[in-house]
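Raw data30.csv, CSV, C-alpha atoms:
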chain,number,residue,atom,x,y,z
A,36,MET,CA,-52.2,-37.5,26.5
A,37,ASN,CA,-55.7,-38.4,27.7
A,38,HIS,CA,-56.9,-41.3,25.5
A,39,SER,CA,-60.2,-41.9,27.4
A,40,PRO,CA,-63.3,-41.0,25.5
A,41,ALA,CA,-65.6,-41.9,28.5
A,42,ARG,CA,-68.4,-39.5,29.0
A,43,PRO,CA,-72.0,-39.7,30.4
A,44,GLY,CA,-74.3,-41.6,28.2
A,45,SER,CA,-76.6,-38.6,27.7
A,46,VAL,CA,-73.9,-36.7,25.9
A,47,ALA,CA,-74.1,-37.0,22.1
A,48,LEU,CA,-71.4,-39.1,20.6
A,49,TYR,CA,-70.0,-36.3,18.4
A,50,GLN,CA,-69.9,-34.1,21.4
A,51,GLN,CA,-67.8,-36.7,23.3
A,52,VAL,CA,-65.3,-36.6,20.5
A,53,LYS,CA,-65.2,-32.8,20.5
A,54,ASP,CA,-64.7,-32.7,24.2
A,55,PHE,CA,-61.9,-35.3,24.0
A,56,ILE,CA,-60.1,-33.3,21.4
A,57,ALA,CA,-60.7,-29.9,23.2
A,58,ARG,CA,-59.4,-31.3,26.5
A,59,ASN,CA,-56.1,-32.3,24.8
A,60,ILE,CA,-55.8,-28.9,23.2
A,61,THR,CA,-56.7,-26.9,26.4
A,62,SER,CA,-54.3,-29.0,28.5
A,63,GLY,CA,-51.4,-28.4,26.1
A,64,ALA,CA,-51.0,-32.1,25.4
A,65,TRP,CA,-51.7,-31.2,21.8
A,66,PRO,CA,-50.0,-27.8,21.0
A,67,PRO,CA,-50.7,-25.6,18.0
A,68,GLY,CA,-49.8,-27.4,14.8
A,69,HIS,CA,-50.1,-30.8,16.4
A,70,ARG,CA,-51.5,-33.4,14.0
A,71,LEU,CA,-54.7,-35.0,15.3
A,72,PRO,CA,-55.4,-38.7,15.1
A,73,SER,CA,-56.9,-39.6,11.7
A,74,GLU,CA,-60.6,-40.2,11.3
A,75,ASN,CA,-59.9,-43.9,11.0
A,76,GLU,CA,-58.0,-43.8,14.3
A,77,LEU,CA,-60.8,-41.9,16.0
A,78,VAL,CA,-63.3,-44.4,14.7
A,79,ALA,CA,-61.4,-47.3,16.1
A,80,GLN,CA,-60.8,-45.5,19.4
A,81,PHE,CA,-64.4,-44.4,20.0
A,82,GLY,CA,-66.1,-47.3,18.3
A,83,ILE,CA,-68.5,-44.9,16.4
A,84,SER,CA,-69.2,-44.1,12.8
A,85,ARG,CA,-66.9,-42.0,10.6
A,86,MET,CA,-69.8,-39.7,9.9
A,87,THR,CA,-70.0,-38.8,13.6
A,88,ILE,CA,-66.2,-38.3,13.8
A,89,ASN,CA,-66.4,-36.1,10.7
A,90,ARG,CA,-69.2,-33.9,12.3
A,91,ALA,CA,-67.0,-33.4,15.4
A,92,LEU,CA,-64.1,-32.3,13.3
A,93,ARG,CA,-66.2,-30.0,11.1
A,94,GLU,CA,-67.6,-28.2,14.2
A,95,LEU,CA,-64.2,-27.8,15.8
A,96,SER,CA,-62.9,-26.4,12.5
A,97,ALA,CA,-65.8,-24.0,12.3
A,98,GLN,CA,-65.0,-22.9,15.9
A,99,GLY,CA,-61.4,-22.2,15.0
A,100,GLN,CA,-59.9,-24.9,17.2
A,101,VAL,CA,-58.9,-27.3,14.5
A,102,GLU,CA,-57.4,-26.7,11.0
A,103,ARG,CA,-58.4,-29.3,8.4
A,104,ILE,CA,-56.2,-29.6,5.3
A,105,ALA,CA,-57.6,-31.6,2.4
A,106,GLY,CA,-55.7,-34.8,1.7
A,107,VAL,CA,-53.3,-34.1,4.6
A,108,GLY,CA,-55.2,-34.3,7.9
A,109,SER,CA,-56.4,-32.2,10.9
A,110,PHE,CA,-54.2,-30.1,13.1
A,111,VAL,CA,-54.6,-28.0,16.2
A,112,ALA,CA,-55.2,-24.5,14.9
A,113,ARG,CA,-52.4,-21.9,15.3
A,114,GLU,CA,-53.2,-18.4,16.3
A,115,LYS,CA,-54.2,-16.6,13.2
A,116,PRO,CA,-51.8,-13.9,12.1
A,117,GLN,CA,-53.2,-10.5,11.3
A,118,SER,CA,-52.2,-8.4,8.3
A,119,THR,CA,-52.7,-4.7,8.0
A,120,LEU,CA,-55.4,-3.0,5.9
A,121,LEU,CA,-54.1,0.6,5.9
A,122,HIS,CA,-50.8,-0.2,4.4
A,123,ILE,CA,-49.6,-2.6,1.7
A,124,ALA,CA,-48.2,-5.5,3.7
A,125,ASN,CA,-45.1,-7.3,2.7
A,126,LEU,CA,-46.4,-10.8,3.4
A,127,ALA,CA,-43.1,-12.5,3.2
A,128,GLU,CA,-41.6,-10.1,5.7
A,129,GLU,CA,-44.5,-10.5,8.1
A,130,ILE,CA,-44.2,-14.3,8.0
A,131,ARG,CA,-40.4,-14.3,8.5
A,132,ARG,CA,-40.8,-11.8,11.3
A,133,ARG,CA,-42.9,-14.3,13.1
A,134,GLY,CA,-40.1,-16.8,12.8
A,135,HIS,CA,-41.9,-18.9,10.3
A,136,ASP,CA,-40.9,-20.2,6.8
A,137,TYR,CA,-42.2,-18.4,3.8
A,138,HIS,CA,-42.6,-19.7,0.3
A,139,CYS,CA,-44.3,-18.4,-2.9
A,140,ASP,CA,-45.7,-20.8,-5.5
A,141,VAL,CA,-45.9,-18.9,-8.8
A,142,LEU,CA,-48.8,-20.6,-10.6
A,143,VAL,CA,-49.2,-18.1,-13.5
A,144,SER,CA,-47.0,-15.3,-14.9
A,145,GLU,CA,-48.2,-14.1,-18.3
A,146,ARG,CA,-49.2,-11.1,-20.5
A,147,VAL,CA,-52.9,-11.1,-21.5
A,148,SER,CA,-55.5,-9.0,-23.2
A,149,ALA,CA,-57.5,-7.1,-20.6
A,150,PRO,CA,-61.1,-8.1,-20.3
A,151,LEU,CA,-63.7,-5.4,-19.5
A,152,GLU,CA,-63.5,-5.7,-15.7
A,153,ILE,CA,-59.7,-5.4,-15.6
A,154,ALA,CA,-59.6,-2.7,-18.3
A,155,THR,CA,-62.1,-0.6,-16.3
A,156,ALA,CA,-60.2,-1.1,-13.0
A,157,LEU,CA,-56.9,0.0,-14.6
A,158,ASP,CA,-58.3,2.7,-16.8
A,159,LEU,CA,-57.3,0.9,-20.0
A,160,ASP,CA,-59.1,0.1,-23.3
A,161,VAL,CA,-60.6,-3.4,-23.5
A,162,GLY,CA,-58.1,-5.8,-25.1
A,163,MET,CA,-55.0,-3.8,-24.2
A,164,SER,CA,-52.1,-5.8,-22.9
A,165,VAL,CA,-51.7,-6.3,-19.1
A,166,PHE,CA,-49.5,-8.4,-16.9
A,167,HIS,CA,-51.2,-11.2,-14.9
A,168,THR,CA,-49.7,-13.3,-12.0
A,169,LEU,CA,-51.3,-15.9,-9.8
A,170,CYS,CA,-49.4,-17.0,-6.7
A,171,THR,CA,-50.0,-19.1,-3.6
A,172,HIS,CA,-48.2,-17.8,-0.5
A,173,ARG,CA,-47.3,-20.3,2.2
A,174,GLU,CA,-46.5,-20.0,5.9
A,175,ASP,CA,-44.7,-23.1,7.2
A,176,GLY,CA,-45.9,-24.9,4.1
A,177,VAL,CA,-49.6,-24.1,4.6
A,178,PRO,CA,-51.3,-21.8,2.0
A,179,VAL,CA,-52.4,-18.5,3.7
A,180,GLN,CA,-53.1,-16.4,0.6
A,181,LEU,CA,-54.0,-16.8,-3.1
A,182,GLU,CA,-52.9,-13.7,-4.9
A,183,ASP,CA,-54.5,-12.9,-8.3
A,184,ARG,CA,-52.9,-9.8,-9.7
A,185,TYR,CA,-53.2,-7.6,-12.9
A,186,VAL,CA,-50.6,-4.9,-13.5
A,187,ASN,CA,-50.7,-1.9,-15.9
A,188,PRO,CA,-47.6,-2.1,-18.2
A,189,GLN,CA,-47.7,1.7,-18.5
A,190,ALA,CA,-46.9,1.9,-14.8
A,191,ALA,CA,-44.6,-1.1,-14.4
A,192,PRO,CA,-43.1,-1.9,-17.8
A,193,GLN,CA,-40.5,-4.4,-16.4
A,194,PHE,CA,-43.0,-6.3,-14.3
A,195,GLY,CA,-43.3,-9.3,-16.7
A,196,GLN,CA,-39.5,-9.8,-16.7
A,197,GLN,CA,-39.1,-10.5,-13.0
A,198,ASP,CA,-38.4,-13.8,-11.3
A,199,PHE,CA,-41.2,-14.0,-8.7
A,200,THR,CA,-39.8,-17.0,-7.0
A,201,GLN,CA,-37.1,-14.6,-5.7
A,202,VAL,CA,-39.1,-11.4,-5.2
A,203,GLN,CA,-42.9,-11.6,-4.8
A,204,PRO,CA,-45.0,-9.4,-7.1
A,205,SER,CA,-46.1,-7.0,-4.3
A,206,GLU,CA,-42.6,-6.6,-3.1
A,207,TYR,CA,-41.3,-5.8,-6.5
A,208,LEU,CA,-44.0,-3.1,-7.0
A,209,LEU,CA,-43.4,-1.6,-3.5
A,210,ARG,CA,-39.7,-1.3,-4.3
A,211,ASN,CA,-40.0,0.2,-7.8
A,212,ILE,CA,-43.4,2.0,-8.2
A,213,PRO,CA,-44.2,4.5,-5.4
A,214,CYS,CA,-47.9,4.6,-4.9
A,215,ASP,CA,-49.8,7.6,-3.6
A,216,GLN,CA,-53.3,6.2,-3.5
A,217,ILE,CA,-54.6,2.8,-2.2
A,218,GLU,CA,-58.1,1.4,-2.3
A,219,HIS,CA,-59.0,-1.6,-0.2
A,220,VAL,CA,-62.3,-3.5,-0.2
A,221,ILE,CA,-63.0,-6.6,2.0
A,222,ASP,CA,-65.6,-9.3,1.3
A,223,ALA,CA,-66.5,-12.6,2.9
A,224,VAL,CA,-66.8,-15.2,0.1
A,225,LEU,CA,-66.7,-18.9,-0.6
A,226,PRO,CA,-63.8,-20.1,-2.8
A,227,THR,CA,-64.3,-21.6,-6.2
A,228,ALA,CA,-63.3,-25.3,-6.6
A,229,ASP,CA,-60.0,-24.2,-8.2
A,230,GLN,CA,-59.3,-21.7,-5.4
A,231,ALA,CA,-60.1,-24.2,-2.7
A,232,ARG,CA,-57.7,-26.7,-4.4
A,233,GLN,CA,-54.9,-24.1,-4.6
A,234,LEU,CA,-55.4,-23.1,-1.0
A,235,GLU,CA,-55.7,-26.8,0.1
A,236,MET,CA,-59.0,-26.2,1.9
A,237,GLN,CA,-62.6,-27.3,1.7
A,238,PRO,CA,-64.8,-25.3,-0.8
A,239,SER,CA,-67.5,-25.0,2.0
A,240,GLN,CA,-65.1,-23.0,4.2
A,241,PRO,CA,-65.3,-19.2,4.0
A,242,CYS,CA,-62.6,-16.9,2.9
A,243,LEU,CA,-61.7,-13.2,3.3
A,244,LEU,CA,-61.2,-11.5,0.0
A,245,LEU,CA,-59.1,-8.3,0.0
A,246,THR,CA,-59.3,-6.4,-3.3
A,247,ARG,CA,-56.7,-3.7,-3.7
A,248,ARG,CA,-56.1,-1.0,-6.3
A,249,THR,CA,-53.1,1.4,-6.3
A,250,TRP,CA,-52.2,4.5,-8.2
A,251,THR,CA,-49.0,6.5,-8.8
A,252,HIS,CA,-49.5,10.1,-9.8
A,253,GLY,CA,-53.0,9.3,-10.9
A,254,LEU,CA,-52.0,6.4,-13.1
A,255,PRO,CA,-53.5,3.0,-12.0
A,256,VAL,CA,-50.7,0.5,-11.2
A,257,THR,CA,-52.4,-2.8,-10.1
A,258,LEU,CA,-55.6,-4.6,-9.3
A,259,VAL,CA,-55.0,-7.5,-7.0
A,260,ARG,CA,-57.4,-9.9,-5.3
A,261,CYS,CA,-55.9,-11.6,-2.2
A,262,LEU,CA,-57.9,-14.6,-1.0
A,263,HIS,CA,-57.3,-15.8,2.6
A,264,PRO,CA,-58.8,-18.9,4.3
A,265,SER,CA,-60.6,-17.3,7.3
A,266,THR,CA,-59.5,-20.0,9.6
A,267,ARG,CA,-55.9,-19.2,8.9
A,268,TYR,CA,-55.7,-15.4,8.6
A,269,GLN,CA,-57.1,-12.1,9.9
A,270,LEU,CA,-57.1,-8.7,8.4
A,271,GLY,CA,-57.1,-5.6,10.6
A,272,SER,CA,-55.5,-2.2,11.3
A,273,ARG,CA,-54.8,0.3,14.0
A,274,PHE,CA,-54.5,4.0,13.5
A,275,THR,CA,-54.4,7.3,15.3
A,276,PRO,CA,-57.1,9.8,14.1
A,277,GLY,CA,-55.4,12.8,12.7
A,278,GLY,CA,-52.0,11.2,13.0
A,279,PRO,CA,-49.7,8.8,11.1
A,280,LEU,CA,-51.2,5.4,10.2
A,281,THR,CA,-49.7,2.4,11.9
A,282,SER,CA,-50.3,-1.3,11.2
A,283,SER,CA,-51.2,-3.9,13.7
Now that the file is in, can you turn its structure into structure tokens?
Amino acid sequence: MNHSPARPGSVALYQQVKDFIARNITSGAWPPGHRLPSENELVAQFGISRMTINRALRELSAQGQVERIAGVGSFVAREKPQSTLLHIANLAEEIRRRGHDYHCDVLVSERVSAPLEIATALDLDVGMSVFHTLCTHREDGVPVQLEDRYVNPQAAPQFGQQDFTQVQPSEYLLRNIPCDQIEHVIDAVLPTADQARQLEMQPSQPCLLLTRRTWTHGLPVTLVRCLHPSTRYQLGSRFTPGGPLTSS
């Protein structure tokens, strides 16, 4: 590992720190997932302020080279996995196929009265009962998706009785409720404070929000919002015009 921070005096201090970290990443001395020295360690090493160190790390994070996890530390960014848009992806299967560990934290599983927005999306009357789940999906322990889902009991009456620590909500629906229509909408958003906490990220970092609705024989099944930290995940698809749809 190259520990020398020496650079020409004309180079800004924060840039010296960035260059030092980038050299270790580029050389392979710090592979993807490697934990960087702490801010205090970098302060001691470079003899400069913590504010300067923090700026260097923020810019490296914005450039996608470094992943910062609140309360944990900074890590060399892994290549962002890509999930399909044209199909309903089985996230657990995707993660395991990459040889990584998958885990689902079930934060909420309840039956609630549908507010106006949810009732409209699921073609129900306001106040009718719907299932609601909130889950954090983790890849190698790092949150990659916050899933906020509402399900129409008319389409999936047994949904609320499932153990979602064993079978994630989307997997249960895919197995049991065949869908013939899918609607996907993508937005770039900032997380709320609660969402940032659940995703273990900074509230100032952008997210990709995938909003999905599905139908079976014209009956709305689910409305789900999947929030992904943009530094950890990509959404994309590949298809053949006029031919079968394939994911990439």
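The smallest atom-to-atom distance between Arg103 in chain A and any of A:Gln237, A:Ser148, A:Gln193, A:Ser164, using all atoms listed in the file, is found for A:Gln237.
Proximity to Gln100 in chain A at 12 Å, evaluated using all atoms listed in the file and with sequence-adjacent residues fewer than 4 positions away removed, yields Lys53, Asp54, Ile56, Ala57, Arg58, Asn59, Ile60, Thr61, Trp65, Pro66, Pro67, Gly68, His69, Leu71, Ala91, Leu92, Arg93, Glu94, Leu95, Ser96, Ser109, Phe110, Val111, Ala112, Arg113, Glu114, Lys115, Thr266 and Arg267 of chain A.
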So, counting all atoms listed in the file, which residue among A:Ala97, A:Ala105, A:Val78, A:Val143 is closest to Glu182 in chain A?
A:Val143
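The coordinates place CA of Asn211 in chain A at 22.5 Å from CA of Leu181 in chain A.
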Shortest interatomic distance to Ile88 in chain A - which of A:Tyr49, A:Gln233, A:Pro192, A:Asn125, counting only C-alpha atoms
A:Tyr49
Surrounding residues of Asp229 in chain A excluding itself and chain neighbours under 5 positions, 10 Å, all atoms listed in the file, as a VMD selection string
chain A and resid 234 to 235 238
Between CA of His252 in chain A and CA of Leu126 in chain A, what is the distance in Å, rounded to a tenth?
24.9 Å
